[in-house]
file protein20.csv (CSV, C-alpha atoms and all ligand atoms)
chain,number,residue,atom,x,y,z
A,282,MET,CA,119.6,141.5,69.7
A,283,GLN,CA,118.9,145.2,69.1
A,284,GLU,CA,115.4,144.2,67.9
A,285,ASP,CA,114.8,142.3,71.0
A,286,ILE,CA,115.9,145.2,73.2
A,287,MET,CA,113.6,147.5,71.3
A,288,ARG,CA,110.7,145.2,71.8
A,289,LEU,CA,111.6,144.7,75.4
A,290,ILE,CA,111.5,148.4,75.9
A,291,GLU,CA,108.1,148.5,74.3
A,292,LEU,CA,107.0,145.5,76.4
A,293,GLN,CA,108.2,147.3,79.5
A,294,ARG,CA,106.2,150.4,78.6
A,295,LEU,CA,103.0,148.3,78.0
A,296,ASP,CA,103.6,146.4,81.3
A,297,LEU,CA,103.9,149.6,83.2
A,298,GLU,CA,100.7,150.9,81.6
A,299,ILE,CA,98.9,147.6,82.5
A,300,ILE,CA,100.1,147.9,86.1
A,301,LYS,CA,98.9,151.5,86.2
A,302,LEU,CA,95.4,150.4,84.9
A,303,GLU,CA,95.2,147.5,87.4
A,304,ARG,CA,96.0,149.8,90.3
A,305,ALA,CA,93.4,152.3,89.1
A,306,MET,CA,90.8,149.5,89.0
A,307,ALA,CA,91.7,148.4,92.5
A,308,ASP,CA,91.7,151.9,93.9
A,309,ILE,CA,88.2,152.5,95.3
A,310,PRO,CA,87.4,156.2,95.0
A,311,GLN,CA,87.0,158.4,98.1
A,312,SER,CA,83.4,159.3,97.2
A,313,LEU,CA,82.5,155.6,97.0
A,314,GLN,CA,84.3,154.8,100.2
A,315,LYS,CA,82.5,157.7,101.9
A,316,ALA,CA,79.1,156.5,100.7
A,317,LYS,CA,79.8,152.9,101.9
A,318,LYS,CA,80.9,154.2,105.3
A,319,GLU,CA,77.8,156.4,105.7
A,320,SER,CA,75.5,153.6,104.6
A,321,GLU,CA,77.1,151.3,107.2
A,322,ILE,CA,76.8,153.9,110.0
A,323,LYS,CA,73.2,154.7,109.2
A,324,GLY,CA,72.4,151.0,108.9
A,325,GLU,CA,73.8,150.4,112.3
A,326,ARG,CA,71.8,153.3,113.8
A,327,LEU,CA,68.7,151.9,112.2
A,328,SER,CA,69.1,148.4,113.7
A,329,LYS,CA,70.0,149.9,117.1
A,330,ILE,CA,66.7,151.9,117.1
A,331,GLU,CA,64.8,148.9,115.9
A,332,SER,CA,66.0,146.8,118.7
A,333,GLN,CA,65.2,149.7,121.2
A,334,ILE,CA,61.7,149.8,119.9
A,335,GLU,CA,61.4,146.1,120.2
A,336,GLU,CA,62.6,146.1,123.7
A,337,LYS,CA,60.2,148.9,124.7
A,338,GLU,CA,57.3,147.1,123.1
A,339,ARG,CA,58.2,144.0,125.0
A,340,GLN,CA,58.2,145.9,128.3
A,341,LYS,CA,55.0,147.6,127.4
A,342,ARG,CA,53.2,144.2,126.7
A,343,LEU,CA,54.5,143.0,130.1
A,344,PHE,CA,53.1,146.1,131.9
A,345,GLU,CA,49.8,145.7,130.0
A,346,GLU,CA,49.5,142.1,131.2
A,347,GLU,CA,50.3,143.2,134.8
A,348,LEU,CA,47.7,145.9,134.5
A,349,GLN,CA,45.0,143.4,133.3
A,350,GLU,CA,45.9,141.2,136.3
A,351,GLU,CA,45.6,144.1,138.7
A,352,GLN,CA,42.3,145.1,137.2
A,353,LYS,CA,40.9,141.6,137.5
A,354,ARG,CA,42.0,141.5,141.1
A,355,LEU,CA,40.4,144.8,141.7
A,356,LYS,CA,37.0,143.6,140.3
A,357,GLN,CA,37.2,140.4,142.4
A,358,THR,CA,37.9,142.4,145.5
A,359,GLN,CA,35.2,144.9,144.8
A,360,ALA,CA,32.8,142.0,144.4
A,361,ARG,CA,33.8,140.5,147.7
A,362,LEU,CA,33.2,143.9,149.4
A,363,THR,CA,29.4,143.4,148.8
A,364,GLN,CA,29.4,140.2,150.8
A,365,ILE,CA,31.3,141.5,153.8
A,366,ARG,CA,29.5,141.8,157.2
A,367,GLY,CA,32.1,142.8,159.7
A,368,SER,CA,33.3,146.4,159.5
A,369,ARG,CA,36.9,145.6,160.3
A,370,GLU,CA,37.3,143.2,157.3
A,371,TYR,CA,35.4,145.8,155.2
A,372,GLN,CA,38.0,148.4,156.2
A,373,VAL,CA,40.9,146.1,155.3
A,374,LEU,CA,39.4,145.4,151.9
A,375,LEU,CA,38.8,149.1,151.2
A,376,ARG,CA,42.5,149.7,151.9
A,377,GLU,CA,43.5,146.9,149.6
A,378,ILE,CA,41.2,148.4,146.9
A,379,ASP,CA,42.8,151.8,147.3
A,380,GLU,CA,46.3,150.2,147.0
A,381,MET,CA,45.2,148.3,143.8
A,382,LYS,CA,43.8,151.5,142.3
A,383,ARG,CA,47.1,153.3,143.1
A,384,ILE,CA,49.1,150.5,141.4
A,385,ILE,CA,46.7,150.5,138.4
A,386,LYS,CA,47.1,154.3,138.0
A,387,GLN,CA,50.9,154.0,138.2
A,388,LYS,CA,51.0,151.2,135.6
A,389,GLU,CA,48.7,153.1,133.3
A,390,GLU,CA,51.1,156.1,133.6
A,391,GLU,CA,54.1,154.0,132.9
A,392,ILE,CA,52.4,152.4,129.9
A,393,LEU,CA,51.5,155.9,128.6
A,394,LYS,CA,55.1,157.0,129.0
A,395,MET,CA,56.4,154.0,127.1
A,396,MET,CA,53.9,154.6,124.3
A,397,GLU,CA,55.4,158.2,124.0
A,398,GLU,CA,58.9,156.8,124.0
A,399,ILE,CA,58.0,154.3,121.3
A,400,GLU,CA,56.4,157.0,119.2
A,401,SER,CA,59.5,159.2,119.6
A,402,LEU,CA,61.7,156.2,118.6
A,403,GLN,CA,59.4,155.6,115.6
A,404,ARG,CA,59.9,159.2,114.5
A,405,ASP,CA,63.7,158.7,114.7
A,406,LYS,CA,63.4,155.5,112.8
A,407,GLU,CA,61.4,157.2,110.0
A,408,LYS,CA,64.1,160.0,109.8
A,409,ILE,CA,66.9,157.5,109.6
A,410,LEU,CA,65.1,155.4,107.0
A,411,GLU,CA,64.8,158.6,104.8
A,412,GLU,CA,68.5,159.4,105.3
A,413,LEU,CA,69.4,155.8,104.6
A,414,SER,CA,67.5,155.7,101.4
A,415,GLU,CA,69.4,158.9,100.3
A,416,VAL,CA,72.7,157.4,101.2
A,417,ARG,CA,71.9,154.1,99.5
A,418,LYS,CA,71.0,156.0,96.4
A,419,THR,CA,74.3,157.8,96.4
A,420,LEU,CA,76.1,154.5,97.1
A,421,GLU,CA,74.4,152.9,94.1
A,422,GLU,CA,75.3,155.8,91.9
A,423,GLU,CA,78.9,155.8,93.1
A,424,THR,CA,79.1,152.1,92.6
A,425,ASN,CA,77.8,152.3,89.1
A,426,LYS,CA,80.2,155.1,88.3
A,427,PHE,CA,83.1,153.1,89.5
A,428,GLU,CA,81.9,149.9,87.7
A,429,ASP,CA,81.6,151.9,84.4
A,430,PHE,CA,85.1,153.3,85.0
A,431,LYS,CA,86.5,149.9,85.6
A,432,ARG,CA,84.8,148.5,82.5
A,433,THR,CA,86.5,151.2,80.4
A,434,LEU,CA,89.8,150.5,82.0
A,435,GLU,CA,89.3,146.7,81.5
A,436,LYS,CA,88.8,147.3,77.7
A,437,GLU,CA,91.9,149.4,77.6
A,438,ARG,CA,93.7,146.7,79.5
A,439,GLU,CA,92.6,144.0,77.1
A,440,GLY,CA,93.9,146.1,74.2
A,441,LEU,CA,97.2,146.5,75.9
A,442,LEU,CA,97.4,142.8,76.7
A,443,ALA,CA,96.8,141.9,73.1
A,444,ARG,CA,99.5,144.3,72.0
A,445,ARG,CA,101.7,142.9,74.7
A,446,SER,CA,101.3,139.3,73.6
A,447,ASN,CA,101.9,140.3,70.0
A,448,ILE,CA,105.2,141.9,70.9
A,449,ALA,CA,106.2,139.2,73.4
A,450,GLY,CA,105.7,136.6,70.7
A,451,LYS,CA,108.5,138.2,68.7
A,452,ILE,CA,111.1,138.4,71.4
A,453,SER,CA,113.6,135.5,71.9
A,454,GLN,CA,112.3,133.2,74.6
A,455,SER,CA,115.4,133.2,76.8
A,456,ILE,CA,115.6,137.0,77.2
A,457,LEU,CA,111.8,137.3,77.5
A,458,LYS,CA,111.8,134.7,80.4
A,459,LYS,CA,114.7,136.6,82.0
A,460,TYR,CA,112.8,139.9,81.7
A,461,GLN,CA,109.6,138.4,83.1
A,462,LEU,CA,111.4,136.9,86.1
A,463,ILE,CA,113.0,140.2,86.9
A,464,VAL,CA,109.7,142.0,86.5
A,465,GLN,CA,108.2,139.7,89.1
A,466,LYS,CA,111.0,140.1,91.5
A,467,LYS,CA,111.6,143.8,91.1
A,468,GLY,CA,108.1,145.2,91.3
A,469,GLY,CA,107.4,145.8,87.6
A,470,ILE,CA,110.6,147.0,86.1
A,471,GLY,CA,112.7,144.4,84.2
A,472,ILE,CA,114.7,146.5,81.8
A,473,ALA,CA,116.2,149.9,82.4
A,474,GLY,CA,118.2,152.4,80.4
A,475,VAL,CA,121.5,153.6,81.4
A,476,ASP,CA,122.1,157.3,81.1
A,477,ASN,CA,125.2,159.2,82.2
A,478,GLY,CA,126.6,156.1,83.8
A,479,ILE,CA,123.5,155.6,86.0
A,480,CYS,CA,121.2,152.6,85.9
A,481,GLU,CA,117.6,154.0,85.7
A,482,GLY,CA,116.3,150.9,87.4
A,483,CYS,CA,118.1,151.4,90.7
A,484,PHE,CA,119.8,154.8,90.2
A,485,MET,CA,123.2,153.5,91.0
A,486,ALA,CA,126.4,154.1,89.0
A,487,ILE,CA,127.5,151.4,86.6
A,488,PRO,CA,131.2,150.4,86.9
A,489,PRO,CA,133.2,152.2,84.2
A,490,GLN,CA,134.3,149.1,82.4
A,491,LEU,CA,130.8,147.8,82.0
A,492,TYR,CA,129.7,151.3,81.0
A,493,ASN,CA,132.3,151.4,78.3
A,494,GLU,CA,131.1,148.0,77.0
A,495,LEU,CA,127.6,149.1,77.1
A,496,GLN,CA,128.3,152.1,74.9
A,497,LYS,CA,130.4,150.2,72.4
A,498,ASP,CA,127.7,147.7,71.4
A,499,ASN,CA,124.0,147.6,71.4
A,500,ARG,CA,123.6,144.3,73.3
A,501,TYR,CA,121.9,144.2,76.6
A,502,HIS,CA,123.8,143.7,79.9
A,503,GLU,CA,122.8,143.2,83.5
A,504,CYS,CA,123.0,145.9,86.1
A,505,PRO,CA,125.5,144.6,88.8
A,506,HIS,CA,123.4,146.3,91.5
A,507,CYS,CA,119.8,145.5,90.7
A,508,LYS,CA,120.3,142.7,88.2
A,509,ARG,CA,117.9,144.3,85.8
A,510,LEU,CA,118.6,144.1,82.1
A,511,ILE,CA,120.2,147.3,81.0
A,512,TYR,CA,120.9,149.0,77.7
A,513,TYR,CA,122.7,152.1,76.7
A,514,LYS,CA,120.0,154.7,76.5
A,515,LYS,CA,121.5,156.9,73.8
A,516,ILE,CA,121.5,154.0,71.3
A,517,TYR,CA,117.7,153.6,71.8
A,518,HIS,CA,117.0,157.2,72.7
A,519,PRO,CA,114.6,158.0,69.8
A,520,GLU,CA,112.7,154.9,70.5
A,521,GLU,CA,112.5,155.7,74.2
A,522,LYS,CA,111.5,159.2,73.8
A,523,ASN,CA,108.4,158.2,71.8
A,524,HIS,CA,107.4,155.5,74.1
A,525,LEU,CA,108.3,156.2,77.7
A,526,PRO,CA,105.3,156.9,79.9
A,527,GLU,CA,104.9,160.6,81.0
A,528,GLU,CA,105.9,160.1,84.6
A,601,ZN,ZN,120.4,148.8,88.4

call {"tool": "encode", "arguments": {"input": "protein20.csv", "output": "structure tokens"}}
result
Amino acid sequence: MQEDIMRLIELQRLDLEIIKLERAMADIPQSLQKAKKESEIKGERLSKIESQIEEKERQKRLFEEELQEEQKRLKQTQARLTQIRGSREYQVLLREIDEMKRIIKQKEEEILKMMEEIESLQRDKEKILEELSEVRKTLEEETNKFEDFKRTLEKEREGLLARRSNIAGKISQSILKKYQLIVQKKGGIGIAGVDNGICEGCFMAIPPQLYNELQKDNRYHECPHCKRLIYYKKIYHPEEKNHLPEE
């Protein structure tokens, strides 16, 4: 029994280390999160500008078509002017031509303005593309760094798992099952030492009678509060001191 408890204590230590590694592997670093966020923001800005450019160019094409129509009409009207006899009709056509010229000028100005707007948007786009490529570079570096880090941890984890299964294989099946069940239910801690009458799993006082029993023999018992396996810490103290994780 004492052997089993010693191995369970070691198993518990390994399990906590494994949990710690798994948490570190799932914990995406701030720098990577930041690079991801920035890359998203810049990507959104880029696609917004691209759709603005697209919309402006669509408008510009529409105006250019209207301009061509207007220029065609102007030419036709100017041609008719040479065939006119009556001066009243001539005057009417002249006014129409003036009006067409005014519209053409206005359209040309609007098209010019749009071209300037498109150019300015293109410059913004270039700038964002540059920024985006920087941010993506950082993102790639941060991702690689994190992947390397995770690979290192994974190797460590595999080592711990191998040691774990080696130790677990030497523990009596019934108590091992019990331990594992408690670990699942109790967030990682299945076996706890009792020191000064306090269960170190739930930090509650052990009833005096149980505490007496616990001190008399080196068997494991069950904490009446948290149901974890408990053992008298002083019996296993040297073992514990060498193996307990720092925190
Ligand atoms: Zn307890």

call {"tool": "residues_near_ligand", "arguments": {"input": "protein20.csv", "ligand": "ligand ZN 601 (chain A)", "cutoff": "8 Å", "atoms": "all atoms listed in the file", "output": "PDB file with C-alpha atoms, in the frame of the given file"}}
result
ATOM      1  CA  ALA A 473     116.200 149.900  82.400  1.00  0.00           C
ATOM      2  CA  ILE A 479     123.500 155.600  86.000  1.00  0.00           C
ATOM      3  CA  CYS A 480     121.200 152.600  85.900  1.00  0.00           C
ATOM      4  CA  GLU A 481     117.600 154.000  85.700  1.00  0.00           C
ATOM      5  CA  GLY A 482     116.300 150.900  87.400  1.00  0.00           C
ATOM      6  CA  CYS A 483     118.100 151.400  90.700  1.00  0.00           C
ATOM      7  CA  PHE A 484     119.800 154.800  90.200  1.00  0.00           C
ATOM      8  CA  MET A 485     123.200 153.500  91.000  1.00  0.00           C
ATOM      9  CA  ILE A 487     127.500 151.400  86.600  1.00  0.00           C
ATOM     10  CA  GLU A 503     122.800 143.200  83.500  1.00  0.00           C
ATOM     11  CA  CYS A 504     123.000 145.900  86.100  1.00  0.00           C
ATOM     12  CA  PRO A 505     125.500 144.600  88.800  1.00  0.00           C
ATOM     13  CA  HIS A 506     123.400 146.300  91.500  1.00  0.00           C
ATOM     14  CA  CYS A 507     119.800 145.500  90.700  1.00  0.00           C
ATOM     15  CA  LYS A 508     120.300 142.700  88.200  1.00  0.00           C
ATOM     16  CA  ARG A 509     117.900 144.300  85.800  1.00  0.00           C
ATOM     17  CA  ILE A 511     120.200 147.300  81.000  1.00  0.00           C
TER      18      ILE A 511
END

call {"tool": "closest_residue", "arguments": {"input": "protein20.csv", "among": "A:Glu398, A:Glu391, A:Glu303, A:Asp308", "to": "A:Leu343", "atoms": "only C-alpha atoms"}}
result
A:Glu391

call {"tool": "atom_distance", "arguments": {"input": "protein20.csv", "atom1": "atom CA of A:Arg445", "atom2": "atom CA of A:Gln496"}}
result
28.1 Å

call {"tool": "residues_around", "arguments": {"input": "protein20.csv", "residues": "A:Lys315", "least_positions_apart": "3", "cutoff": "10 Å", "atoms": "all atoms listed in the file", "output": "list in words"}}
result
Pro310, Gln311, Ser312, Lys318, Glu319, Ser320, Glu321, Val416, Thr419, Leu420 and Glu423 of chain A

call {"tool": "atom_distance", "arguments": {"input": "protein20.csv", "atom1": "atom CA of A:Gln454", "atom2": "atom CA of A:Leu297"}}
result
20.3 Å

call {"tool": "atom_distance", "arguments": {"input": "protein20.csv", "atom1": "atom CA of A:Tyr371", "atom2": "atom CA of A:Thr358"}}
result
10.6 Å

call {"tool": "residues_around", "arguments": {"input": "protein20.csv", "residues": "A:Glu350", "least_positions_apart": "6", "cutoff": "12 Å", "atoms": "all atoms listed in the file", "output": "VMD selection string"}}
result
chain A and resid 343 to 344 356 to 357 381 384 to 385 388

call {"tool": "closest_residue", "arguments": {"input": "protein20.csv", "among": "A:Ile452, A:Leu348, A:Glu325, A:Ile309", "to": "A:Lys426", "atoms": "all atoms listed in the file"}}
result
A:Ile309

call {"tool": "decode", "arguments": {"input": "protein20.csv", "residues": "stretch 366-399 of chain A", "atoms": "N, CA and C atoms", "output": "PDB file, in the first residue's frame"}}
result
ATOM      1  N   ARG A 366     -32.906  76.421 -92.241  1.00  0.00           N
ATOM      2  CA  ARG A 366     -33.182  77.661 -92.995  1.00  0.00           C
ATOM      3  C   ARG A 366     -33.672  78.753 -92.054  1.00  0.00           C
ATOM      4  N   GLY A 367     -34.772  78.483 -91.336  1.00  0.00           N
ATOM      5  CA  GLY A 367     -35.412  79.503 -90.493  1.00  0.00           C
ATOM      6  C   GLY A 367     -34.541  79.906 -89.309  1.00  0.00           C
ATOM      7  N   SER A 368     -34.515  81.192 -89.015  1.00  0.00           N
ATOM      8  CA  SER A 368     -33.622  81.657 -87.956  1.00  0.00           C
ATOM      9  C   SER A 368     -34.128  81.302 -86.565  1.00  0.00           C
ATOM     10  N   ARG A 369     -35.481  81.101 -86.427  1.00  0.00           N
ATOM     11  CA  ARG A 369     -36.032  80.769 -85.118  1.00  0.00           C
ATOM     12  C   ARG A 369     -35.557  79.374 -84.678  1.00  0.00           C
ATOM     13  N   GLU A 370     -35.678  78.443 -85.622  1.00  0.00           N
ATOM     14  CA  GLU A 370     -35.223  77.071 -85.352  1.00  0.00           C
ATOM     15  C   GLU A 370     -33.713  77.050 -85.113  1.00  0.00           C
ATOM     16  N   TYR A 371     -33.015  77.840 -85.853  1.00  0.00           N
ATOM     17  CA  TYR A 371     -31.561  77.966 -85.718  1.00  0.00           C
ATOM     18  C   TYR A 371     -31.187  78.383 -84.298  1.00  0.00           C
ATOM     19  N   GLN A 372     -31.934  79.412 -83.811  1.00  0.00           N
ATOM     20  CA  GLN A 372     -31.696  79.895 -82.438  1.00  0.00           C
ATOM     21  C   GLN A 372     -31.950  78.792 -81.403  1.00  0.00           C
ATOM     22  N   VAL A 373     -33.032  78.054 -81.625  1.00  0.00           N
ATOM     23  CA  VAL A 373     -33.380  76.965 -80.685  1.00  0.00           C
ATOM     24  C   VAL A 373     -32.242  75.930 -80.627  1.00  0.00           C
ATOM     25  N   LEU A 374     -31.770  75.567 -81.849  1.00  0.00           N
ATOM     26  CA  LEU A 374     -30.688  74.581 -81.908  1.00  0.00           C
ATOM     27  C   LEU A 374     -29.416  75.097 -81.242  1.00  0.00           C
ATOM     28  N   LEU A 375     -29.129  76.350 -81.445  1.00  0.00           N
ATOM     29  CA  LEU A 375     -27.933  76.954 -80.822  1.00  0.00           C
ATOM     30  C   LEU A 375     -28.010  76.863 -79.301  1.00  0.00           C
ATOM     31  N   ARG A 376     -29.232  77.129 -78.778  1.00  0.00           N
ATOM     32  CA  ARG A 376     -29.410  77.036 -77.319  1.00  0.00           C
ATOM     33  C   ARG A 376     -29.217  75.586 -76.849  1.00  0.00           C
ATOM     34  N   GLU A 377     -29.753  74.666 -77.635  1.00  0.00           N
ATOM     35  CA  GLU A 377     -29.590  73.240 -77.295  1.00  0.00           C
ATOM     36  C   GLU A 377     -28.101  72.870 -77.273  1.00  0.00           C
ATOM     37  N   ILE A 378     -27.381  73.363 -78.286  1.00  0.00           N
ATOM     38  CA  ILE A 378     -25.943  73.062 -78.371  1.00  0.00           C
ATOM     39  C   ILE A 378     -25.198  73.631 -77.156  1.00  0.00           C
ATOM     40  N   ASP A 379     -25.547  74.843 -76.780  1.00  0.00           N
ATOM     41  CA  ASP A 379     -24.926  75.452 -75.586  1.00  0.00           C
ATOM     42  C   ASP A 379     -25.170  74.592 -74.345  1.00  0.00           C
ATOM     43  N   GLU A 380     -26.436  74.160 -74.229  1.00  0.00           N
ATOM     44  CA  GLU A 380     -26.803  73.342 -73.079  1.00  0.00           C
ATOM     45  C   GLU A 380     -25.996  72.025 -73.077  1.00  0.00           C
ATOM     46  N   MET A 381     -25.868  71.396 -74.281  1.00  0.00           N
ATOM     47  CA  MET A 381     -25.095  70.152 -74.388  1.00  0.00           C
ATOM     48  C   MET A 381     -23.639  70.389 -74.004  1.00  0.00           C
ATOM     49  N   LYS A 382     -23.096  71.486 -74.473  1.00  0.00           N
ATOM     50  CA  LYS A 382     -21.685  71.789 -74.156  1.00  0.00           C
ATOM     51  C   LYS A 382     -21.502  71.961 -72.649  1.00  0.00           C
ATOM     52  N   ARG A 383     -22.528  72.603 -72.037  1.00  0.00           N
ATOM     53  CA  ARG A 383     -22.450  72.809 -70.593  1.00  0.00           C
ATOM     54  C   ARG A 383     -22.451  71.445 -69.856  1.00  0.00           C
ATOM     55  N   ILE A 384     -23.360  70.576 -70.300  1.00  0.00           N
ATOM     56  CA  ILE A 384     -23.452  69.246 -69.676  1.00  0.00           C
ATOM     57  C   ILE A 384     -22.142  68.468 -69.879  1.00  0.00           C
ATOM     58  N   ILE A 385     -21.602  68.542 -71.092  1.00  0.00           N
ATOM     59  CA  ILE A 385     -20.349  67.828 -71.394  1.00  0.00           C
ATOM     60  C   ILE A 385     -19.222  68.313 -70.482  1.00  0.00           C
ATOM     61  N   LYS A 386     -19.137  69.633 -70.321  1.00  0.00           N
ATOM     62  CA  LYS A 386     -18.088  70.201 -69.484  1.00  0.00           C
ATOM     63  C   LYS A 386     -18.240  69.712 -68.037  1.00  0.00           C
ATOM     64  N   GLN A 387     -19.487  69.738 -67.601  1.00  0.00           N
ATOM     65  CA  GLN A 387     -19.767  69.296 -66.227  1.00  0.00           C
ATOM     66  C   GLN A 387     -19.378  67.827 -66.038  1.00  0.00           C
ATOM     67  N   LYS A 388     -19.764  67.001 -67.015  1.00  0.00           N
ATOM     68  CA  LYS A 388     -19.431  65.568 -66.931  1.00  0.00           C
ATOM     69  C   LYS A 388     -17.920  65.359 -66.929  1.00  0.00           C
ATOM     70  N   GLU A 389     -17.245  66.087 -67.790  1.00  0.00           N
ATOM     71  CA  GLU A 389     -15.783  65.958 -67.862  1.00  0.00           C
ATOM     72  C   GLU A 389     -15.139  66.313 -66.522  1.00  0.00           C
ATOM     73  N   GLU A 390     -15.688  67.374 -65.912  1.00  0.00           N
ATOM     74  CA  GLU A 390     -15.141  67.777 -64.603  1.00  0.00           C
ATOM     75  C   GLU A 390     -15.393  66.702 -63.543  1.00  0.00           C
ATOM     76  N   GLU A 391     -16.587  66.156 -63.603  1.00  0.00           N
ATOM     77  CA  GLU A 391     -16.924  65.109 -62.625  1.00  0.00           C
ATOM     78  C   GLU A 391     -16.034  63.882 -62.808  1.00  0.00           C
ATOM     79  N   ILE A 392     -15.796  63.529 -64.071  1.00  0.00           N
ATOM     80  CA  ILE A 392     -14.934  62.373 -64.353  1.00  0.00           C
ATOM     81  C   ILE A 392     -13.512  62.627 -63.837  1.00  0.00           C
ATOM     82  N   LEU A 393     -13.053  63.854 -64.075  1.00  0.00           N
ATOM     83  CA  LEU A 393     -11.717  64.222 -63.606  1.00  0.00           C
ATOM     84  C   LEU A 393     -11.629  64.100 -62.083  1.00  0.00           C
ATOM     85  N   LYS A 394     -12.670  64.599 -61.419  1.00  0.00           N
ATOM     86  CA  LYS A 394     -12.701  64.529 -59.955  1.00  0.00           C
ATOM     87  C   LYS A 394     -12.655  63.066 -59.491  1.00  0.00           C
ATOM     88  N   MET A 395     -13.422  62.230 -60.176  1.00  0.00           N
ATOM     89  CA  MET A 395     -13.433  60.801 -59.824  1.00  0.00           C
ATOM     90  C   MET A 395     -12.068  60.160 -60.017  1.00  0.00           C
ATOM     91  N   MET A 396     -11.407  60.541 -61.121  1.00  0.00           N
ATOM     92  CA  MET A 396     -10.080  59.985 -61.375  1.00  0.00           C
ATOM     93  C   MET A 396      -9.115  60.350 -60.244  1.00  0.00           C
ATOM     94  N   GLU A 397      -9.249  61.602 -59.774  1.00  0.00           N
ATOM     95  CA  GLU A 397      -8.386  62.030 -58.653  1.00  0.00           C
ATOM     96  C   GLU A 397      -8.703  61.230 -57.395  1.00  0.00           C
ATOM     97  N   GLU A 398     -10.009  61.029 -57.161  1.00  0.00           N
ATOM     98  CA  GLU A 398     -10.415  60.269 -55.974  1.00  0.00           C
ATOM     99  C   GLU A 398      -9.888  58.830 -56.054  1.00  0.00           C
ATOM    100  N   ILE A 399      -9.989  58.263 -57.252  1.00  0.00           N
ATOM    101  CA  ILE A 399      -9.512  56.887 -57.434  1.00  0.00           C
ATOM    102  C   ILE A 399      -7.998  56.819 -57.191  1.00  0.00           C
TER     103      ILE A 399
END
